[in-house]
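Reading through the structure tokens given below for one structure.
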Amino acid sequence: MTRSRKRMFYAITAALLSLALLAGCGGAGGSGSGDKKITVGSKDFTENIVLGELVAQLVEGNTDITVVRKLNLGGTSVNFDGLKNGDLDMYADYDGTGYGVHLQHTDPITDPTKVYDQVKKEFEEKWQITWSKPFGFNNTYALAMPRKIAEQHNIVTYSDLAKVSDQFVFGTTNEFMGREADGYNPLVKEYGFKFKDAKTMQTGLRYKAIENGDIQVMDAYATDGKLKEFDMKLLVDDKNFFPPYNAAMLVRMDTVKKYPELMEAIDKLAGKLTDEKMQELNYLVDVKGEDVQKVAKDFLTKEGLIK
């Protein structure tokens, strides 16, 4: 091959490579599905990871937006900072956390609608971050006891428990024992509990203590998957002592403006997750060891939210 022919060959090859790269990447700001991309984060516990995966699959199944997952990222502050600085476009949080942690309100509000409306309004004004419609479950603190014992004593509500509380030992964590607004001491004062004893221990040891009979009542999260494993009964907070912690998606408003179809896809999950359904999904992952992606896909398919 002569020198001139070599130059022509290399020039043609370079041109073809450039065209291939352009075709594969697309132009910035174009309308193709490859150009639409969001990043979904999550906190570092099962329920939040499941919620992140549920929404990621919802968006993928109902739009042409590509979803980058950064699940199991860290705690509340890590995700919220990522949302504010643009590293994340959205992640799941709880309006009670928004009210007390991010906005640092201390006045108790037990009406879930009022909490959600106030948090949504203030987040949009202060940080240009909005909330999706609530998913339908309330992952608040709750009191739980073995179903057999609760039924034996006809205990359904906290007030029922108060009448016979001197027969039981309460098990809790140092965090719940020390919470000033919604922890052990104000709870006891509100309901007039007179437990035989109150023992503090690590979170994971409480179920073992229940199993061994060392404690009979414990604080728990309403959607904890282990409640099902140990056949625990959640009691009814009949005086609405605990504030609501309704789950929803926190989303950057500039992302919503860029992709108007996004919120419509996310809001397909609105009201679809009851406490019982969320508890079941947590149970499948935490106790049964099922894959998060499979659990999310099975739920969304069963609910008719994706095909």
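Residue names in the structure tokens use chain letters A, B, ... in the order shown, residue numbers from 1 in each chain, and ligand numbers from 1 in the order shown.
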Residue neighbourhood Val55 in chain A, 12 Å, only C-alpha atoms, exclusion window fewer than 5 positions, as a PyMOL selection string: chain A and resi 38-42+48-50+60-63+67-69+71+90-92+132+135+248-251+262-270+293+296-297+299-300+305-306
For those residues, write C-alpha atoms to a file as a PDB file, in the first residue's frame.
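What follows is the written file selection.pdb:
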```pdb
ATOM      1  CA  ILE A  38     -31.713  10.110  36.648  1.00  0.00           C
ATOM      2  CA  THR A  39     -29.945   8.818  39.752  1.00  0.00           C
ATOM      3  CA  VAL A  40     -31.869   7.158  42.582  1.00  0.00           C
ATOM      4  CA  GLY A  41     -30.310   6.793  46.010  1.00  0.00           C
ATOM      5  CA  SER A  42     -31.380   5.045  49.188  1.00  0.00           C
ATOM      6  CA  ASN A  48     -35.322   2.112  52.006  1.00  0.00           C
ATOM      7  CA  ILE A  49     -33.380  -0.037  49.561  1.00  0.00           C
ATOM      8  CA  VAL A  50     -36.602  -1.822  48.571  1.00  0.00           C
ATOM      9  CA  GLU A  60     -37.966   2.271  33.873  1.00  0.00           C
ATOM     10  CA  GLY A  61     -41.234   0.476  33.177  1.00  0.00           C
ATOM     11  CA  ASN A  62     -43.339   3.574  32.518  1.00  0.00           C
ATOM     12  CA  THR A  63     -40.955   6.069  30.879  1.00  0.00           C
ATOM     13  CA  VAL A  67     -32.171   4.969  36.041  1.00  0.00           C
ATOM     14  CA  VAL A  68     -28.779   4.865  37.724  1.00  0.00           C
ATOM     15  CA  ARG A  69     -29.001   3.189  41.132  1.00  0.00           C
ATOM     16  CA  LEU A  71     -28.803   2.156  46.689  1.00  0.00           C
ATOM     17  CA  MET A  90     -34.337  11.376  44.367  1.00  0.00           C
ATOM     18  CA  TYR A  91     -34.499   8.953  47.288  1.00  0.00           C
ATOM     19  CA  ALA A  92     -37.198   7.722  49.667  1.00  0.00           C
ATOM     20  CA  SER A 132     -44.158  12.528  45.755  1.00  0.00           C
ATOM     21  CA  PHE A 135     -46.807   5.478  49.312  1.00  0.00           C
ATOM     22  CA  ALA A 248     -42.664   9.153  49.909  1.00  0.00           C
ATOM     23  CA  MET A 249     -40.024  10.043  47.342  1.00  0.00           C
ATOM     24  CA  LEU A 250     -37.943  13.195  47.774  1.00  0.00           C
ATOM     25  CA  VAL A 251     -37.255  14.610  44.295  1.00  0.00           C
ATOM     26  CA  LEU A 262     -41.298  11.406  36.174  1.00  0.00           C
ATOM     27  CA  MET A 263     -43.746  12.262  38.972  1.00  0.00           C
ATOM     28  CA  GLU A 264     -46.612  10.572  37.159  1.00  0.00           C
ATOM     29  CA  ALA A 265     -44.588   7.358  37.100  1.00  0.00           C
ATOM     30  CA  ILE A 266     -43.561   7.615  40.777  1.00  0.00           C
ATOM     31  CA  ASP A 267     -47.108   8.439  41.890  1.00  0.00           C
ATOM     32  CA  LYS A 268     -48.375   5.142  40.503  1.00  0.00           C
ATOM     33  CA  LEU A 269     -47.111   3.776  43.827  1.00  0.00           C
ATOM     34  CA  ALA A 270     -49.204   6.269  45.834  1.00  0.00           C
ATOM     35  CA  GLN A 293     -34.823  -6.666  42.460  1.00  0.00           C
ATOM     36  CA  ALA A 296     -39.689  -5.344  43.763  1.00  0.00           C
ATOM     37  CA  LYS A 297     -40.501  -6.714  40.317  1.00  0.00           C
ATOM     38  CA  PHE A 299     -44.788  -6.716  43.720  1.00  0.00           C
ATOM     39  CA  LEU A 300     -45.060  -4.184  40.891  1.00  0.00           C
ATOM     40  CA  LEU A 305     -47.825  -1.196  37.781  1.00  0.00           C
ATOM     41  CA  ILE A 306     -45.360  -2.690  35.292  1.00  0.00           C
TER      42      ILE A 306
END
```
So that I can see what lies close to Asp182 in chain A, please list as a PDB file with all heavy atoms, in the first residue's frame the residues with an atom at most 9 Å from it, counting only C-alpha atoms and leaving out residues fewer than 3 positions away in the same chain.
```pdb
ATOM      1  N   TYR A 141     -42.761   4.562  65.067  1.00  0.00           N
ATOM      2  CA  TYR A 141     -42.562   3.708  66.232  1.00  0.00           C
ATOM      3  C   TYR A 141     -43.886   3.063  66.601  1.00  0.00           C
ATOM      4  O   TYR A 141     -44.963   3.639  66.397  1.00  0.00           O
ATOM      5  CB  TYR A 141     -42.064   4.523  67.427  1.00  0.00           C
ATOM      6  CG  TYR A 141     -40.566   4.709  67.494  1.00  0.00           C
ATOM      7  CD1 TYR A 141     -39.997   5.966  67.382  1.00  0.00           C
ATOM      8  CD2 TYR A 141     -39.720   3.616  67.695  1.00  0.00           C
ATOM      9  CE1 TYR A 141     -38.623   6.143  67.462  1.00  0.00           C
ATOM     10  CE2 TYR A 141     -38.344   3.775  67.779  1.00  0.00           C
ATOM     11  CZ  TYR A 141     -37.801   5.042  67.665  1.00  0.00           C
ATOM     12  OH  TYR A 141     -36.450   5.204  67.741  1.00  0.00           O
ATOM     13  N   PHE A 176     -34.299   4.820  71.985  1.00  0.00           N
ATOM     14  CA  PHE A 176     -35.705   5.059  72.322  1.00  0.00           C
ATOM     15  C   PHE A 176     -35.850   5.495  73.777  1.00  0.00           C
ATOM     16  O   PHE A 176     -36.670   6.351  74.099  1.00  0.00           O
ATOM     17  CB  PHE A 176     -36.526   3.790  72.068  1.00  0.00           C
ATOM     18  CG  PHE A 176     -38.001   3.985  72.290  1.00  0.00           C
ATOM     19  CD1 PHE A 176     -38.765   4.684  71.360  1.00  0.00           C
ATOM     20  CD2 PHE A 176     -38.626   3.484  73.417  1.00  0.00           C
ATOM     21  CE1 PHE A 176     -40.131   4.880  71.553  1.00  0.00           C
ATOM     22  CE2 PHE A 176     -39.991   3.664  73.622  1.00  0.00           C
ATOM     23  CZ  PHE A 176     -40.737   4.366  72.687  1.00  0.00           C
ATOM     24  N   ARG A 179     -35.065   9.333  73.901  1.00  0.00           N
ATOM     25  CA  ARG A 179     -35.777  10.310  73.069  1.00  0.00           C
ATOM     26  C   ARG A 179     -36.702  11.155  73.950  1.00  0.00           C
ATOM     27  O   ARG A 179     -37.557  10.620  74.654  1.00  0.00           O
ATOM     28  CB  ARG A 179     -36.572   9.613  71.960  1.00  0.00           C
ATOM     29  CG  ARG A 179     -35.697   8.972  70.909  1.00  0.00           C
ATOM     30  CD  ARG A 179     -36.525   8.184  69.909  1.00  0.00           C
ATOM     31  NE  ARG A 179     -37.234   9.062  69.002  1.00  0.00           N
ATOM     32  CZ  ARG A 179     -36.854   9.334  67.753  1.00  0.00           C
ATOM     33  NH1 ARG A 179     -35.738   8.797  67.287  1.00  0.00           N
ATOM     34  NH2 ARG A 179     -37.567  10.121  66.986  1.00  0.00           N
ATOM     35  N   ASN A 185     -39.961   7.591  78.254  1.00  0.00           N
ATOM     36  CA  ASN A 185     -40.502   8.352  79.393  1.00  0.00           C
ATOM     37  C   ASN A 185     -41.767   9.138  79.054  1.00  0.00           C
ATOM     38  O   ASN A 185     -42.761   9.053  79.789  1.00  0.00           O
ATOM     39  CB  ASN A 185     -39.425   9.263  79.987  1.00  0.00           C
ATOM     40  CG  ASN A 185     -38.339   8.478  80.703  1.00  0.00           C
ATOM     41  OD1 ASN A 185     -38.629   7.530  81.424  1.00  0.00           O
ATOM     42  ND2 ASN A 185     -37.086   8.842  80.483  1.00  0.00           N
ATOM     43  N   PRO A 186     -41.793   9.911  77.971  1.00  0.00           N
ATOM     44  CA  PRO A 186     -43.049  10.592  77.633  1.00  0.00           C
ATOM     45  C   PRO A 186     -44.173   9.623  77.275  1.00  0.00           C
ATOM     46  O   PRO A 186     -45.348   9.900  77.529  1.00  0.00           O
ATOM     47  CB  PRO A 186     -42.679  11.489  76.446  1.00  0.00           C
ATOM     48  CG  PRO A 186     -41.400  10.949  75.917  1.00  0.00           C
ATOM     49  CD  PRO A 186     -40.697  10.329  77.067  1.00  0.00           C
ATOM     50  N   LEU A 187     -43.812   8.466  76.697  1.00  0.00           N
ATOM     51  CA  LEU A 187     -44.824   7.449  76.373  1.00  0.00           C
ATOM     52  C   LEU A 187     -45.462   6.910  77.648  1.00  0.00           C
ATOM     53  O   LEU A 187     -46.695   6.791  77.742  1.00  0.00           O
ATOM     54  CB  LEU A 187     -44.174   6.300  75.595  1.00  0.00           C
ATOM     55  CG  LEU A 187     -45.068   5.092  75.298  1.00  0.00           C
ATOM     56  CD1 LEU A 187     -46.183   5.467  74.325  1.00  0.00           C
ATOM     57  CD2 LEU A 187     -44.239   3.934  74.746  1.00  0.00           C
ATOM     58  N   PHE A 241     -49.949   9.000  70.077  1.00  0.00           N
ATOM     59  CA  PHE A 241     -48.751   9.539  70.722  1.00  0.00           C
ATOM     60  C   PHE A 241     -47.609   9.709  69.727  1.00  0.00           C
ATOM     61  O   PHE A 241     -46.944  10.738  69.705  1.00  0.00           O
ATOM     62  CB  PHE A 241     -48.316   8.613  71.861  1.00  0.00           C
ATOM     63  CG  PHE A 241     -46.976   8.970  72.453  1.00  0.00           C
ATOM     64  CD1 PHE A 241     -46.859  10.004  73.366  1.00  0.00           C
ATOM     65  CD2 PHE A 241     -45.832   8.274  72.081  1.00  0.00           C
ATOM     66  CE1 PHE A 241     -45.614  10.341  73.905  1.00  0.00           C
ATOM     67  CE2 PHE A 241     -44.596   8.600  72.612  1.00  0.00           C
ATOM     68  CZ  PHE A 241     -44.487   9.636  73.530  1.00  0.00           C
ATOM     69  N   PHE A 242     -47.381   8.692  68.910  1.00  0.00           N
ATOM     70  CA  PHE A 242     -46.250   8.742  67.989  1.00  0.00           C
ATOM     71  C   PHE A 242     -46.580   9.577  66.755  1.00  0.00           C
ATOM     72  O   PHE A 242     -47.681   9.481  66.207  1.00  0.00           O
ATOM     73  CB  PHE A 242     -45.853   7.331  67.551  1.00  0.00           C
ATOM     74  CG  PHE A 242     -45.200   6.517  68.639  1.00  0.00           C
ATOM     75  CD1 PHE A 242     -45.823   5.390  69.142  1.00  0.00           C
ATOM     76  CD2 PHE A 242     -43.975   6.892  69.164  1.00  0.00           C
ATOM     77  CE1 PHE A 242     -45.229   4.629  70.141  1.00  0.00           C
ATOM     78  CE2 PHE A 242     -43.370   6.147  70.166  1.00  0.00           C
ATOM     79  CZ  PHE A 242     -44.004   5.013  70.661  1.00  0.00           C
ATOM     80  N   PRO A 243     -45.642  10.402  66.306  1.00  0.00           N
ATOM     81  CA  PRO A 243     -45.875  11.205  65.093  1.00  0.00           C
ATOM     82  C   PRO A 243     -45.868  10.317  63.864  1.00  0.00           C
ATOM     83  O   PRO A 243     -45.312   9.212  63.877  1.00  0.00           O
ATOM     84  CB  PRO A 243     -44.681  12.172  65.079  1.00  0.00           C
ATOM     85  CG  PRO A 243     -43.603  11.446  65.815  1.00  0.00           C
ATOM     86  CD  PRO A 243     -44.306  10.652  66.881  1.00  0.00           C
TER      87      PRO A 243
END
```
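Atom pair CA of His153 in chain A / CA of Tyr207 in chain A has a distance of 20.4 Å (rounded to one decimal).
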List the neighbours of Leu227 in chain A out to 12 Å using only C-alpha atoms; skip same-chain residues closer than 6 positions along the sequence, and give me the result as a tab-separated table (two decimals) with all heavy atoms, in the first residue's frame.
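So part33.tsv came out as:
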```
chain	number	residue	atom	x	y	z
A	142	ALA	N	-43.81	1.88	67.15
A	142	ALA	CA	-45.01	1.17	67.60
A	142	ALA	C	-44.63	0.24	68.74
A	142	ALA	O	-43.44	-0.08	68.93
A	142	ALA	CB	-45.61	0.37	66.45
A	143	LEU	N	-45.61	-0.16	69.52
A	143	LEU	CA	-45.39	-1.16	70.57
A	143	LEU	C	-45.86	-2.50	70.05
A	143	LEU	O	-46.91	-2.60	69.40
A	143	LEU	CB	-46.13	-0.79	71.84
A	143	LEU	CG	-45.72	0.51	72.53
A	143	LEU	CD1	-46.43	0.64	73.87
A	143	LEU	CD2	-44.20	0.59	72.71
A	144	ALA	N	-45.08	-3.54	70.33
A	144	ALA	CA	-45.42	-4.88	69.86
A	144	ALA	C	-45.21	-5.88	70.98
A	144	ALA	O	-44.37	-5.68	71.87
A	144	ALA	CB	-44.55	-5.25	68.66
A	145	MET	N	-45.98	-6.96	70.94
A	145	MET	CA	-45.82	-8.05	71.90
A	145	MET	C	-46.22	-9.35	71.23
A	145	MET	O	-46.91	-9.33	70.19
A	145	MET	CB	-46.62	-7.78	73.17
A	145	MET	CG	-48.11	-7.64	73.00
A	145	MET	SD	-48.93	-6.98	74.51
A	145	MET	CE	-48.27	-8.06	75.79
A	146	PRO	N	-45.78	-10.49	71.76
A	146	PRO	CA	-46.16	-11.76	71.15
A	146	PRO	C	-47.68	-11.88	71.01
A	146	PRO	O	-48.42	-11.57	71.94
A	146	PRO	CB	-45.60	-12.80	72.13
A	146	PRO	CG	-44.45	-12.10	72.79
A	146	PRO	CD	-44.88	-10.68	72.91
A	147	ARG	N	-48.12	-12.29	69.84
A	147	ARG	CA	-49.56	-12.36	69.56
A	147	ARG	C	-50.29	-13.23	70.59
A	147	ARG	O	-51.38	-12.90	71.05
A	147	ARG	CB	-49.78	-12.92	68.16
A	147	ARG	CG	-51.23	-12.85	67.70
A	147	ARG	CD	-51.36	-13.35	66.26
A	147	ARG	NE	-50.45	-12.65	65.39
A	147	ARG	CZ	-50.71	-11.43	64.87
A	147	ARG	NH1	-51.85	-10.84	65.16
A	147	ARG	NH2	-49.83	-10.85	64.08
A	206	ARG	N	-33.50	-7.72	70.92
A	206	ARG	CA	-34.84	-7.66	71.51
A	206	ARG	C	-35.70	-8.86	71.11
A	206	ARG	O	-36.45	-9.39	71.93
A	206	ARG	CB	-35.53	-6.36	71.09
A	206	ARG	CG	-34.91	-5.11	71.72
A	206	ARG	CD	-35.54	-3.87	71.17
A	206	ARG	NE	-35.41	-3.82	69.72
A	206	ARG	CZ	-36.09	-2.98	68.94
A	206	ARG	NH1	-36.95	-2.14	69.47
A	206	ARG	NH2	-35.91	-2.98	67.64
A	207	TYR	N	-35.59	-9.30	69.87
A	207	TYR	CA	-36.40	-10.44	69.44
A	207	TYR	C	-35.96	-11.72	70.14
A	207	TYR	O	-36.78	-12.59	70.46
A	207	TYR	CB	-36.33	-10.60	67.92
A	207	TYR	CG	-37.12	-9.53	67.19
A	207	TYR	CD1	-36.50	-8.42	66.65
A	207	TYR	CD2	-38.50	-9.63	67.07
A	207	TYR	CE1	-37.23	-7.44	65.99
A	207	TYR	CE2	-39.24	-8.67	66.42
A	207	TYR	CZ	-38.60	-7.57	65.89
A	207	TYR	OH	-39.33	-6.59	65.25
A	210	ILE	N	-37.49	-11.56	73.48
A	210	ILE	CA	-38.92	-11.92	73.37
A	210	ILE	C	-39.06	-13.44	73.31
A	210	ILE	O	-39.89	-14.04	74.00
A	210	ILE	CB	-39.55	-11.28	72.12
A	210	ILE	CG1	-39.80	-9.77	72.34
A	210	ILE	CG2	-40.84	-11.99	71.73
A	210	ILE	CD1	-41.00	-9.42	73.18
A	211	GLU	N	-38.24	-14.05	72.47
A	211	GLU	CA	-38.28	-15.49	72.28
A	211	GLU	C	-37.99	-16.24	73.57
A	211	GLU	O	-38.60	-17.28	73.86
A	211	GLU	CB	-37.29	-15.89	71.19
A	211	GLU	CG	-37.40	-17.32	70.71
A	211	GLU	CD	-36.47	-17.60	69.55
A	211	GLU	OE1	-35.28	-17.20	69.60
A	211	GLU	OE2	-36.92	-18.23	68.58
A	218	MET	N	-42.13	-4.57	73.47
A	218	MET	CA	-40.97	-3.87	72.92
A	218	MET	C	-41.42	-2.77	71.98
A	218	MET	O	-42.55	-2.78	71.48
A	218	MET	CB	-40.06	-4.84	72.16
A	218	MET	CG	-40.74	-5.56	71.01
A	218	MET	SD	-39.65	-6.68	70.09
A	218	MET	CE	-38.87	-5.49	68.99
A	219	ASP	N	-40.54	-1.79	71.79
A	219	ASP	CA	-40.79	-0.80	70.74
A	219	ASP	C	-40.28	-1.38	69.43
A	219	ASP	O	-39.33	-2.16	69.42
A	219	ASP	CB	-40.10	0.52	71.06
A	219	ASP	CG	-38.58	0.39	71.03
A	219	ASP	OD1	-38.02	-0.17	72.01
A	219	ASP	OD2	-37.95	0.82	70.06
A	220	ALA	N	-40.93	-1.02	68.35
A	220	ALA	CA	-40.54	-1.55	67.04
A	220	ALA	C	-40.93	-0.54	65.98
A	220	ALA	O	-41.65	0.42	66.24
A	220	ALA	CB	-41.25	-2.88	66.78
A	221	TYR	N	-40.43	-0.76	64.77
A	221	TYR	CA	-40.92	0.00	63.62
A	221	TYR	C	-42.10	-0.76	63.03
A	221	TYR	O	-42.08	-1.98	62.92
A	221	TYR	CB	-39.82	0.20	62.58
A	221	TYR	CG	-38.73	1.13	63.03
A	221	TYR	CD1	-37.43	0.67	63.22
A	221	TYR	CD2	-39.00	2.47	63.27
A	221	TYR	CE1	-36.42	1.54	63.64
A	221	TYR	CE2	-38.01	3.34	63.69
A	221	TYR	CZ	-36.72	2.87	63.87
A	221	TYR	OH	-35.74	3.72	64.28
A	233	LYS	N	-47.66	-8.99	67.57
A	233	LYS	CA	-48.86	-8.18	67.31
A	233	LYS	C	-48.54	-6.71	67.56
A	233	LYS	O	-48.04	-6.35	68.63
A	233	LYS	CB	-50.00	-8.61	68.22
A	233	LYS	CG	-51.30	-7.81	68.00
A	233	LYS	CD	-52.41	-8.30	68.90
A	233	LYS	CE	-53.69	-7.49	68.72
A	233	LYS	NZ	-54.23	-7.62	67.34
A	234	LEU	N	-48.81	-5.87	66.56
A	234	LEU	CA	-48.66	-4.43	66.74
A	234	LEU	C	-49.90	-3.88	67.43
A	234	LEU	O	-51.03	-4.13	67.01
A	234	LEU	CB	-48.49	-3.73	65.38
A	234	LEU	CG	-47.13	-3.83	64.70
A	234	LEU	CD1	-47.19	-3.17	63.33
A	234	LEU	CD2	-46.05	-3.19	65.55
A	235	LEU	N	-49.69	-3.14	68.50
A	235	LEU	CA	-50.81	-2.56	69.24
A	235	LEU	C	-51.20	-1.22	68.65
A	235	LEU	O	-50.39	-0.55	67.99
A	235	LEU	CB	-50.43	-2.41	70.72
A	235	LEU	CG	-49.94	-3.69	71.42
A	235	LEU	CD1	-49.67	-3.41	72.90
A	235	LEU	CD2	-50.92	-4.83	71.24
A	275	ASP	N	-49.08	-0.83	55.54
A	275	ASP	CA	-48.09	-1.28	56.52
A	275	ASP	C	-47.81	-2.77	56.34
A	275	ASP	O	-46.66	-3.22	56.39
A	275	ASP	CB	-48.60	-1.03	57.94
A	275	ASP	CG	-48.60	0.44	58.32
A	275	ASP	OD1	-48.33	1.28	57.44
A	275	ASP	OD2	-48.88	0.75	59.49
A	276	GLU	N	-48.88	-3.54	56.13
A	276	GLU	CA	-48.75	-5.00	56.00
A	276	GLU	C	-47.96	-5.39	54.75
A	276	GLU	O	-47.13	-6.29	54.79
A	276	GLU	CB	-50.14	-5.64	55.98
A	276	GLU	CG	-50.92	-5.55	57.28
A	276	GLU	CD	-51.51	-4.18	57.53
A	276	GLU	OE1	-51.63	-3.38	56.57
A	276	GLU	OE2	-51.84	-3.89	58.70
A	278	MET	N	-45.73	-3.52	53.11
A	278	MET	CA	-44.33	-3.14	53.27
A	278	MET	C	-43.62	-4.09	54.21
A	278	MET	O	-42.46	-4.47	53.97
A	278	MET	CB	-44.23	-1.71	53.80
A	278	MET	CG	-42.82	-1.12	53.71
A	278	MET	SD	-42.25	-0.85	52.02
A	278	MET	CE	-40.84	-1.96	51.91
A	279	GLN	N	-44.31	-4.50	55.25
A	279	GLN	CA	-43.74	-5.45	56.20
A	279	GLN	C	-43.42	-6.77	55.49
A	279	GLN	O	-42.38	-7.38	55.73
A	279	GLN	CB	-44.71	-5.70	57.35
A	279	GLN	CG	-44.15	-6.59	58.45
A	279	GLN	CD	-45.18	-6.86	59.53
A	279	GLN	OE1	-45.63	-8.00	59.69
A	279	GLN	NE2	-45.57	-5.84	60.26
A	280	GLU	N	-44.32	-7.19	54.58
A	280	GLU	CA	-44.12	-8.43	53.84
A	280	GLU	C	-42.90	-8.33	52.92
A	280	GLU	O	-42.09	-9.28	52.84
A	280	GLU	CB	-45.36	-8.76	53.02
A	280	GLU	CG	-45.24	-9.96	52.09
A	280	GLU	CD	-45.11	-11.29	52.82
A	280	GLU	OE1	-45.38	-11.34	54.04
A	280	GLU	OE2	-44.71	-12.28	52.17
A	282	ASN	N	-40.28	-6.38	53.32
A	282	ASN	CA	-39.11	-6.39	54.20
A	282	ASN	C	-38.81	-7.81	54.69
A	282	ASN	O	-37.64	-8.22	54.77
A	282	ASN	CB	-39.33	-5.47	55.41
A	282	ASN	CG	-39.33	-4.00	55.03
A	282	ASN	OD1	-38.73	-3.61	54.03
A	282	ASN	ND2	-40.01	-3.18	55.81
A	283	TYR	N	-39.86	-8.55	55.00
A	283	TYR	CA	-39.73	-9.93	55.46
A	283	TYR	C	-39.09	-10.81	54.39
A	283	TYR	O	-38.20	-11.62	54.67
A	283	TYR	CB	-41.12	-10.46	55.84
A	283	TYR	CG	-41.18	-11.94	56.15
A	283	TYR	CD1	-40.73	-12.43	57.37
A	283	TYR	CD2	-41.70	-12.83	55.22
A	283	TYR	CE1	-40.79	-13.80	57.66
A	283	TYR	CE2	-41.78	-14.19	55.50
A	283	TYR	CZ	-41.32	-14.67	56.71
A	283	TYR	OH	-41.39	-16.01	56.99
A	286	ASP	N	-35.33	-9.53	54.26
A	286	ASP	CA	-34.58	-9.67	55.52
A	286	ASP	C	-34.54	-11.10	56.03
A	286	ASP	O	-33.48	-11.56	56.48
A	286	ASP	CB	-35.21	-8.78	56.60
A	286	ASP	CG	-34.49	-7.46	56.75
A	286	ASP	OD1	-33.34	-7.35	56.26
A	286	ASP	OD2	-35.05	-6.53	57.34
A	287	VAL	N	-35.67	-11.76	56.03
A	287	VAL	CA	-35.79	-13.08	56.66
A	287	VAL	C	-35.62	-14.21	55.64
A	287	VAL	O	-34.88	-15.16	55.88
A	287	VAL	CB	-37.14	-13.21	57.40
A	287	VAL	CG1	-37.26	-14.59	58.04
A	287	VAL	CG2	-37.28	-12.12	58.45
```
Spatial neighbours of Gly271 in chain A, max dist 8 Å, only C-alpha atoms, sep filter under 4 positions, as a ChimeraX atom specification: /A:134-137
Put those residues in a file: C-alpha atoms, as a PDB file, in the first residue's frame.
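In the end it all went to result.pdb:
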```pdb
ATOM      1  CA  PRO A 134     -47.274   9.169  50.057  1.00  0.00           C
ATOM      2  CA  PHE A 135     -46.807   5.478  49.312  1.00  0.00           C
ATOM      3  CA  GLY A 136     -49.468   4.509  51.840  1.00  0.00           C
ATOM      4  CA  PHE A 137     -47.647   3.120  54.881  1.00  0.00           C
TER       5      PHE A 137
END
```
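Closest approach to Gly98 in chain A from the set A:Ala222, A:Met253, A:Ala247, A:Val292 is made by A:Ala247, with distances taken over only C-alpha atoms.
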Separation of CA of Thr46 in chain A from CA of Val285 in chain A in Å: 7.3 Å
Among listed residues A:Asp95, A:Asp231, A:Glu122, A:Asp238, nearest Asp160 in chain A (using only C-alpha atoms): A:Asp238
Per-residue DSSP, range 136-173 of chain A, filtered to helix (DSSP H, G or I), as a PyMOL selection string: chain A and resi 147-152+158-167
Lys196 in chain A environment, 10 Å, only C-alpha atoms, sequence neighbours closer than 3 positions dropped, as number ranges by chain: A: 165-170, 193, 215
Contacts of Gly86 in chain A at 10 Å (only C-alpha atoms; same-chain gap of 3+ positions) as number ranges by chain: A: 39, 80-83, 89-90, 252, 254-255
Exercise: Lys189 in chain A partners within 12 Å, only C-alpha atoms, chain neighbours under 6 positions left out, as an mmCIF file with all heavy atoms, in the first residue's frame:
```cif
data_model
loop_
_atom_site.group_PDB
_atom_site.id
_atom_site.type_symbol
_atom_site.label_atom_id
_atom_site.label_comp_id
_atom_site.auth_asym_id
_atom_site.auth_seq_id
_atom_site.Cartn_x
_atom_site.Cartn_y
_atom_site.Cartn_z
ATOM 1 N N ALA A 162 -51.950 -0.678 79.150
ATOM 2 C CA ALA A 162 -51.718 0.081 80.381
ATOM 3 C C ALA A 162 -52.401 -0.554 81.591
ATOM 4 O O ALA A 162 -51.876 -0.517 82.710
ATOM 5 C CB ALA A 162 -52.198 1.520 80.208
ATOM 6 N N GLU A 180 -36.539 12.461 73.844
ATOM 7 C CA GLU A 180 -37.282 13.355 74.739
ATOM 8 C C GLU A 180 -38.705 13.600 74.286
ATOM 9 O O GLU A 180 -39.597 13.825 75.108
ATOM 10 C CB GLU A 180 -36.541 14.683 74.863
ATOM 11 C CG GLU A 180 -35.179 14.551 75.528
ATOM 12 C CD GLU A 180 -34.465 15.885 75.669
ATOM 13 O OE1 GLU A 180 -35.069 16.908 75.273
ATOM 14 O OE2 GLU A 180 -33.326 15.902 76.150
ATOM 15 N N ALA A 181 -38.955 13.595 72.989
ATOM 16 C CA ALA A 181 -40.291 13.935 72.490
ATOM 17 C C ALA A 181 -41.176 12.709 72.316
ATOM 18 O O ALA A 181 -42.363 12.733 72.656
ATOM 19 C CB ALA A 181 -40.179 14.686 71.161
ATOM 20 N N ASP A 182 -40.602 11.622 71.778
ATOM 21 C CA ASP A 182 -41.424 10.451 71.470
ATOM 22 C C ASP A 182 -40.767 9.156 71.926
ATOM 23 O O ASP A 182 -40.870 8.130 71.263
ATOM 24 C CB ASP A 182 -41.734 10.396 69.973
ATOM 25 C CG ASP A 182 -40.470 10.326 69.117
ATOM 26 O OD1 ASP A 182 -39.359 10.440 69.674
ATOM 27 O OD2 ASP A 182 -40.581 10.154 67.893
ATOM 28 N N GLY A 183 -40.085 9.208 73.089
ATOM 29 C CA GLY A 183 -39.408 8.034 73.622
ATOM 30 C C GLY A 183 -40.131 7.419 74.807
ATOM 31 O O GLY A 183 -41.314 7.691 75.051
ATOM 32 N N PHE A 195 -44.763 -0.683 83.934
ATOM 33 C CA PHE A 195 -44.111 -1.945 83.621
ATOM 34 C C PHE A 195 -43.330 -2.478 84.817
ATOM 35 O O PHE A 195 -42.806 -1.714 85.627
ATOM 36 C CB PHE A 195 -43.172 -1.776 82.425
ATOM 37 C CG PHE A 195 -43.886 -1.502 81.127
ATOM 38 C CD1 PHE A 195 -43.766 -0.274 80.492
ATOM 39 C CD2 PHE A 195 -44.689 -2.468 80.553
ATOM 40 C CE1 PHE A 195 -44.424 -0.018 79.308
ATOM 41 C CE2 PHE A 195 -45.355 -2.234 79.359
ATOM 42 C CZ PHE A 195 -45.228 -1.008 78.737
ATOM 43 N N PHE A 241 -49.949 9.000 70.077
ATOM 44 C CA PHE A 241 -48.751 9.539 70.722
ATOM 45 C C PHE A 241 -47.609 9.709 69.727
ATOM 46 O O PHE A 241 -46.944 10.738 69.705
ATOM 47 C CB PHE A 241 -48.316 8.613 71.861
ATOM 48 C CG PHE A 241 -46.976 8.970 72.453
ATOM 49 C CD1 PHE A 241 -46.859 10.004 73.366
ATOM 50 C CD2 PHE A 241 -45.832 8.274 72.081
ATOM 51 C CE1 PHE A 241 -45.614 10.341 73.905
ATOM 52 C CE2 PHE A 241 -44.596 8.600 72.612
ATOM 53 C CZ PHE A 241 -44.487 9.636 73.530
#
```
